[in-house]
Amino acid sequence: MHGGKKRVGVLISGRGSNMASLIEAAQAPDYPAEIALVVSNRPGAGGLARAEAAGIRTATVDHKLFPDRASFDEAVGQAFVQAGVDLICLAGFMRILSDGFVEQWTGRMLNIHPSLLPLFKGLRPHRQALDAGVCIHGCSVHFVVPELDSGPIVAQAAVPVLPGDTEDGLAARVLAEEHRLYPLGLELVAGGQARLEGGRTVLASGSRTALGLA
Ligand code: GRF
């Protein structure tokens, strides 16, 4: 803890638009978290410049420089521990983390996935949604567990699938909701209103619903 706020480490691989929405939300004085460090596995990721422009410390841990997954994960974990991070947020992070790393951060690591989990896990969820012909799609903030995109859900937001939607059009509609939902999900966990217990998300009684309605 640091002045009552949870210290958050954000892991990115790309442009970092979800990271940017977390940075913006954390600027509110009463937000229960502060962004302590942004780490990218890709040198030159666009999100690094966005974080630096916001005055947030950044680091690059280039996965190509490590002999195996575990040693890369170890270097990432050390960077976060040295920065006094309490919670990790994966934001457009495109690597699979080792079971050991995930277990070390059980209940303290969140991800946002652009589908209504457990539907459409993995890559190209919007393509999967269009191929499945669903009418409702959306995004999910969840605790990270070793199995990909399978951890207990903290919050979800829904969007309609409209006639003629393309993969890019649907992705953009979902992304706008991600930018609203991730700060809400992090707030619930950092504020102690949602926690991982017995493999499930437990909401403190009376806390706001985890349904990300506008
Ligand atoms: C977003 O749809 C996110 O849900 C997924 O990657 C996309 C890009 O995220 N994980 P960002 O703009 O890099 O935050």
# chains A, B, ... in the order shown; residues from 1 in each chain; ligands from 1
>>> residues_around(residues="range 133-139 of chain A", least_positions_apart="3", cutoff="8 Å", atoms="only C-alpha atoms", output="PyMOL selection string")
chain A and resi 112-117+129-130+156-162+174+177-178+181
>>> select_by_dssp(residues="chain A", states="strand (DSSP E or B)", output="PyMOL selection string")
chain A and resi 2+5-12+33-40+58-60+87-90+109-113+136-143+153-160+194-197+200-203+211
>>> residues_near_ligand(ligand="ligand 1", cutoff="9 Å", atoms="only C-alpha atoms and all ligand atoms", output="PDB file with N, CA and C atoms, in the first residue's frame")
ATOM      1  N   ILE A  12       2.056  -4.355 -21.023  1.00  0.00           N
ATOM      2  CA  ILE A  12       1.553  -4.096 -22.369  1.00  0.00           C
ATOM      3  C   ILE A  12       2.447  -4.731 -23.421  1.00  0.00           C
ATOM      4  N   SER A  13       1.892  -4.799 -24.651  1.00  0.00           N
ATOM      5  CA  SER A  13       2.705  -5.238 -25.798  1.00  0.00           C
ATOM      6  C   SER A  13       2.568  -4.283 -26.979  1.00  0.00           C
ATOM      7  N   GLY A  14       1.545  -3.385 -26.885  1.00  0.00           N
ATOM      8  CA  GLY A  14       1.253  -2.579 -28.083  1.00  0.00           C
ATOM      9  C   GLY A  14       0.926  -1.138 -27.793  1.00  0.00           C
ATOM     10  N   ARG A  15      -0.185  -0.657 -28.396  1.00  0.00           N
ATOM     11  CA  ARG A  15      -0.512   0.775 -28.353  1.00  0.00           C
ATOM     12  C   ARG A  15      -0.916   1.235 -26.949  1.00  0.00           C
ATOM     13  N   GLY A  16      -1.435   0.303 -26.138  1.00  0.00           N
ATOM     14  CA  GLY A  16      -1.725   0.645 -24.741  1.00  0.00           C
ATOM     15  C   GLY A  16      -2.955   1.501 -24.533  1.00  0.00           C
ATOM     16  N   SER A  17      -3.983   1.333 -25.344  1.00  0.00           N
ATOM     17  CA  SER A  17      -5.179   2.180 -25.137  1.00  0.00           C
ATOM     18  C   SER A  17      -5.876   1.820 -23.833  1.00  0.00           C
ATOM     19  N   ASN A  18      -5.884   0.555 -23.448  1.00  0.00           N
ATOM     20  CA  ASN A  18      -6.481   0.188 -22.151  1.00  0.00           C
ATOM     21  C   ASN A  18      -5.623   0.722 -21.007  1.00  0.00           C
ATOM     22  N   MET A  19      -4.308   0.653 -21.168  1.00  0.00           N
ATOM     23  CA  MET A  19      -3.396   1.224 -20.181  1.00  0.00           C
ATOM     24  C   MET A  19      -3.687   2.718 -19.999  1.00  0.00           C
ATOM     25  N   ALA A  20      -3.893   3.411 -21.114  1.00  0.00           N
ATOM     26  CA  ALA A  20      -4.156   4.862 -21.060  1.00  0.00           C
ATOM     27  C   ALA A  20      -5.429   5.158 -20.274  1.00  0.00           C
ATOM     28  N   SER A  21      -6.434   4.290 -20.416  1.00  0.00           N
ATOM     29  CA  SER A  21      -7.696   4.552 -19.679  1.00  0.00           C
ATOM     30  C   SER A  21      -7.487   4.300 -18.186  1.00  0.00           C
ATOM     31  N   GLY A  46       3.954   1.384 -28.612  1.00  0.00           N
ATOM     32  CA  GLY A  46       3.361   2.722 -28.557  1.00  0.00           C
ATOM     33  C   GLY A  46       2.921   3.125 -27.160  1.00  0.00           C
ATOM     34  N   GLY A  47       2.506   2.149 -26.385  1.00  0.00           N
ATOM     35  CA  GLY A  47       2.035   2.447 -25.030  1.00  0.00           C
ATOM     36  C   GLY A  47       3.126   3.019 -24.146  1.00  0.00           C
ATOM     37  N   LEU A  90      -2.945  -6.711 -16.925  1.00  0.00           N
ATOM     38  CA  LEU A  90      -2.523  -7.031 -18.301  1.00  0.00           C
ATOM     39  C   LEU A  90      -3.400  -6.196 -19.228  1.00  0.00           C
ATOM     40  N   ALA A  91      -2.778  -5.469 -20.144  1.00  0.00           N
ATOM     41  CA  ALA A  91      -3.549  -4.557 -21.012  1.00  0.00           C
ATOM     42  C   ALA A  91      -3.016  -4.658 -22.432  1.00  0.00           C
ATOM     43  N   GLY A  92      -3.649  -5.477 -23.227  1.00  0.00           N
ATOM     44  CA  GLY A  92      -3.157  -5.692 -24.583  1.00  0.00           C
ATOM     45  C   GLY A  92      -1.818  -6.413 -24.558  1.00  0.00           C
ATOM     46  N   PHE A  93      -1.626  -7.215 -23.525  1.00  0.00           N
ATOM     47  CA  PHE A  93      -0.378  -7.980 -23.375  1.00  0.00           C
ATOM     48  C   PHE A  93      -0.545  -9.291 -24.129  1.00  0.00           C
ATOM     49  N   MET A  94       0.373  -9.555 -25.065  1.00  0.00           N
ATOM     50  CA  MET A  94       0.111 -10.644 -26.002  1.00  0.00           C
ATOM     51  C   MET A  94       1.008 -11.869 -25.784  1.00  0.00           C
ATOM     52  N   ASN A 111      -6.951  -9.116 -16.103  1.00  0.00           N
ATOM     53  CA  ASN A 111      -6.821  -8.994 -17.549  1.00  0.00           C
ATOM     54  C   ASN A 111      -8.150  -8.502 -18.085  1.00  0.00           C
ATOM     55  N   ILE A 112      -8.092  -7.838 -19.244  1.00  0.00           N
ATOM     56  CA  ILE A 112      -9.332  -7.529 -19.953  1.00  0.00           C
ATOM     57  C   ILE A 112      -9.312  -8.295 -21.264  1.00  0.00           C
ATOM     58  N   HIS A 113     -10.436  -8.983 -21.515  1.00  0.00           N
ATOM     59  CA  HIS A 113     -10.531  -9.755 -22.758  1.00  0.00           C
ATOM     60  C   HIS A 113     -11.761  -9.253 -23.510  1.00  0.00           C
ATOM     61  N   PRO A 114     -11.617  -8.996 -24.813  1.00  0.00           N
ATOM     62  CA  PRO A 114     -12.740  -8.415 -25.567  1.00  0.00           C
ATOM     63  C   PRO A 114     -13.760  -9.452 -26.031  1.00  0.00           C
ATOM     64  N   SER A 115     -14.376 -10.117 -25.044  1.00  0.00           N
ATOM     65  CA  SER A 115     -15.552 -10.951 -25.323  1.00  0.00           C
ATOM     66  C   SER A 115     -16.303 -11.116 -24.001  1.00  0.00           C
ATOM     67  N   CYS A 139     -17.091  -7.252 -23.395  1.00  0.00           N
ATOM     68  CA  CYS A 139     -15.756  -7.424 -22.830  1.00  0.00           C
ATOM     69  C   CYS A 139     -15.857  -7.825 -21.362  1.00  0.00           C
ATOM     70  N   SER A 140     -14.771  -8.425 -20.886  1.00  0.00           N
ATOM     71  CA  SER A 140     -14.745  -8.978 -19.531  1.00  0.00           C
ATOM     72  C   SER A 140     -13.440  -8.612 -18.831  1.00  0.00           C
ATOM     73  N   ALA A 171     -14.953  -4.518 -33.150  1.00  0.00           N
ATOM     74  CA  ALA A 171     -13.829  -4.348 -32.216  1.00  0.00           C
ATOM     75  C   ALA A 171     -13.803  -2.925 -31.657  1.00  0.00           C
ATOM     76  N   ALA A 172     -14.085  -1.964 -32.513  1.00  0.00           N
ATOM     77  CA  ALA A 172     -14.057  -0.555 -32.063  1.00  0.00           C
ATOM     78  C   ALA A 172     -15.174  -0.290 -31.061  1.00  0.00           C
ATOM     79  N   VAL A 174     -16.527  -2.497 -29.064  1.00  0.00           N
ATOM     80  CA  VAL A 174     -16.153  -3.163 -27.807  1.00  0.00           C
ATOM     81  C   VAL A 174     -15.044  -2.377 -27.101  1.00  0.00           C
ATOM     82  N   LEU A 175     -14.074  -1.891 -27.867  1.00  0.00           N
ATOM     83  CA  LEU A 175     -12.928  -1.184 -27.266  1.00  0.00           C
ATOM     84  C   LEU A 175     -13.378   0.032 -26.453  1.00  0.00           C
ATOM     85  N   GLU A 178     -14.348  -1.309 -23.285  1.00  0.00           N
ATOM     86  CA  GLU A 178     -13.179  -1.746 -22.499  1.00  0.00           C
ATOM     87  C   GLU A 178     -12.590  -0.568 -21.721  1.00  0.00           C
ATOM     88  N   HIS A 179     -12.530   0.554 -22.392  1.00  0.00           N
ATOM     89  CA  HIS A 179     -11.906   1.747 -21.789  1.00  0.00           C
ATOM     90  C   HIS A 179     -12.709   2.256 -20.610  1.00  0.00           C
TER      91      HIS A 179
END
>>> residues_around(residues="Val202 in chain A", least_positions_apart="3", cutoff="10 Å", atoms="only C-alpha atoms", output="ChimeraX atom specification")
/A:152-154,193-199,205
>>> residues_around(residues="Ala33 in chain A", least_positions_apart="3", cutoff="12 Å", atoms="only C-alpha atoms", output="PyMOL selection string")
chain A and resi 1-10+22-30+36+85-89+183-192
>>> write_last_selection(atoms="N, CA and C atoms", output="short mmCIF file (atom, residue, chain, number, x, y, z; two decimals), in the first residue's frame")
data_model
loop_
_atom_site.label_atom_id
_atom_site.label_comp_id
_atom_site.auth_asym_id
_atom_site.auth_seq_id
_atom_site.Cartn_x
_atom_site.Cartn_y
_atom_site.Cartn_z
N MET A 1 0.85 -1.19 0.00
CA MET A 1 0.00 0.00 0.00
C MET A 1 0.89 1.25 0.00
N HIS A 2 0.42 2.34 -0.47
CA HIS A 2 1.26 3.55 -0.58
C HIS A 2 0.30 4.72 -0.45
N GLY A 3 0.25 5.27 0.76
CA GLY A 3 -0.72 6.37 0.93
C GLY A 3 -2.12 5.88 0.70
N GLY A 4 -2.39 4.59 1.07
CA GLY A 4 -3.77 4.10 0.96
C GLY A 4 -4.10 3.61 -0.43
N LYS A 5 -3.33 3.96 -1.44
CA LYS A 5 -3.64 3.50 -2.80
C LYS A 5 -2.86 2.23 -3.12
N LYS A 6 -3.50 1.31 -3.82
CA LYS A 6 -2.79 0.12 -4.28
C LYS A 6 -1.87 0.55 -5.42
N ARG A 7 -0.67 0.00 -5.45
CA ARG A 7 0.27 0.31 -6.53
C ARG A 7 0.09 -0.73 -7.63
N VAL A 8 -0.15 -0.23 -8.85
CA VAL A 8 -0.49 -1.09 -9.98
C VAL A 8 0.64 -1.11 -11.00
N GLY A 9 0.98 -2.31 -11.45
CA GLY A 9 1.92 -2.49 -12.56
C GLY A 9 1.11 -2.90 -13.79
N VAL A 10 1.35 -2.26 -14.93
CA VAL A 10 0.61 -2.58 -16.14
C VAL A 10 1.56 -3.24 -17.14
N LEU A 22 -6.62 3.35 -17.84
CA LEU A 22 -6.31 3.12 -16.42
C LEU A 22 -5.52 4.31 -15.85
N ILE A 23 -4.56 4.81 -16.62
CA ILE A 23 -3.76 5.97 -16.19
C ILE A 23 -4.68 7.16 -15.93
N GLU A 24 -5.62 7.36 -16.85
CA GLU A 24 -6.54 8.51 -16.71
C GLU A 24 -7.42 8.34 -15.47
N ALA A 25 -7.96 7.14 -15.29
CA ALA A 25 -8.85 6.91 -14.12
C ALA A 25 -8.08 7.11 -12.82
N ALA A 26 -6.82 6.69 -12.81
CA ALA A 26 -6.04 6.74 -11.56
C ALA A 26 -5.65 8.16 -11.19
N GLN A 27 -5.92 9.11 -12.06
CA GLN A 27 -5.60 10.50 -11.74
C GLN A 27 -6.64 11.12 -10.80
N ALA A 28 -7.80 10.45 -10.66
CA ALA A 28 -8.82 10.95 -9.73
C ALA A 28 -8.31 10.77 -8.30
N PRO A 29 -8.36 11.81 -7.49
CA PRO A 29 -7.80 11.74 -6.14
C PRO A 29 -8.36 10.60 -5.29
N ASP A 30 -9.63 10.25 -5.53
CA ASP A 30 -10.25 9.22 -4.67
C ASP A 30 -10.19 7.82 -5.30
N ALA A 36 2.04 2.52 -10.92
CA ALA A 36 3.43 2.68 -10.44
C ALA A 36 4.45 2.42 -11.54
N VAL A 85 4.86 -2.99 -6.50
CA VAL A 85 3.53 -3.22 -7.09
C VAL A 85 2.71 -4.21 -6.27
N ASP A 86 1.42 -3.86 -6.04
CA ASP A 86 0.49 -4.74 -5.33
C ASP A 86 -0.38 -5.55 -6.30
N LEU A 87 -0.71 -4.91 -7.43
CA LEU A 87 -1.64 -5.53 -8.40
C LEU A 87 -1.07 -5.38 -9.81
N ILE A 88 -1.25 -6.38 -10.64
CA ILE A 88 -0.82 -6.29 -12.04
C ILE A 88 -2.07 -6.24 -12.93
N CYS A 89 -2.05 -5.35 -13.92
CA CYS A 89 -3.09 -5.32 -14.95
C CYS A 89 -2.47 -5.65 -16.30
N PRO A 183 -11.16 0.44 -15.88
CA PRO A 183 -11.04 1.25 -14.67
C PRO A 183 -12.05 0.88 -13.59
N LEU A 184 -13.25 0.45 -14.01
CA LEU A 184 -14.27 0.04 -13.02
C LEU A 184 -13.83 -1.25 -12.34
N GLY A 185 -13.37 -2.20 -13.14
CA GLY A 185 -12.94 -3.49 -12.58
C GLY A 185 -11.76 -3.34 -11.65
N LEU A 186 -10.79 -2.52 -12.05
CA LEU A 186 -9.61 -2.31 -11.19
C LEU A 186 -10.04 -1.62 -9.89
N GLU A 187 -10.97 -0.66 -10.02
CA GLU A 187 -11.45 0.05 -8.82
C GLU A 187 -12.08 -0.92 -7.82
N LEU A 188 -12.87 -1.87 -8.33
CA LEU A 188 -13.50 -2.85 -7.43
C LEU A 188 -12.45 -3.67 -6.69
N VAL A 189 -11.41 -4.10 -7.40
CA VAL A 189 -10.39 -4.95 -6.77
C VAL A 189 -9.46 -4.12 -5.88
N ALA A 190 -8.98 -2.99 -6.39
CA ALA A 190 -8.05 -2.16 -5.60
C ALA A 190 -8.74 -1.60 -4.36
N GLY A 191 -10.06 -1.36 -4.48
CA GLY A 191 -10.81 -0.81 -3.35
C GLY A 191 -11.29 -1.87 -2.38
N GLY A 192 -10.96 -3.14 -2.68
CA GLY A 192 -11.33 -4.23 -1.77
C GLY A 192 -12.78 -4.65 -1.88
#
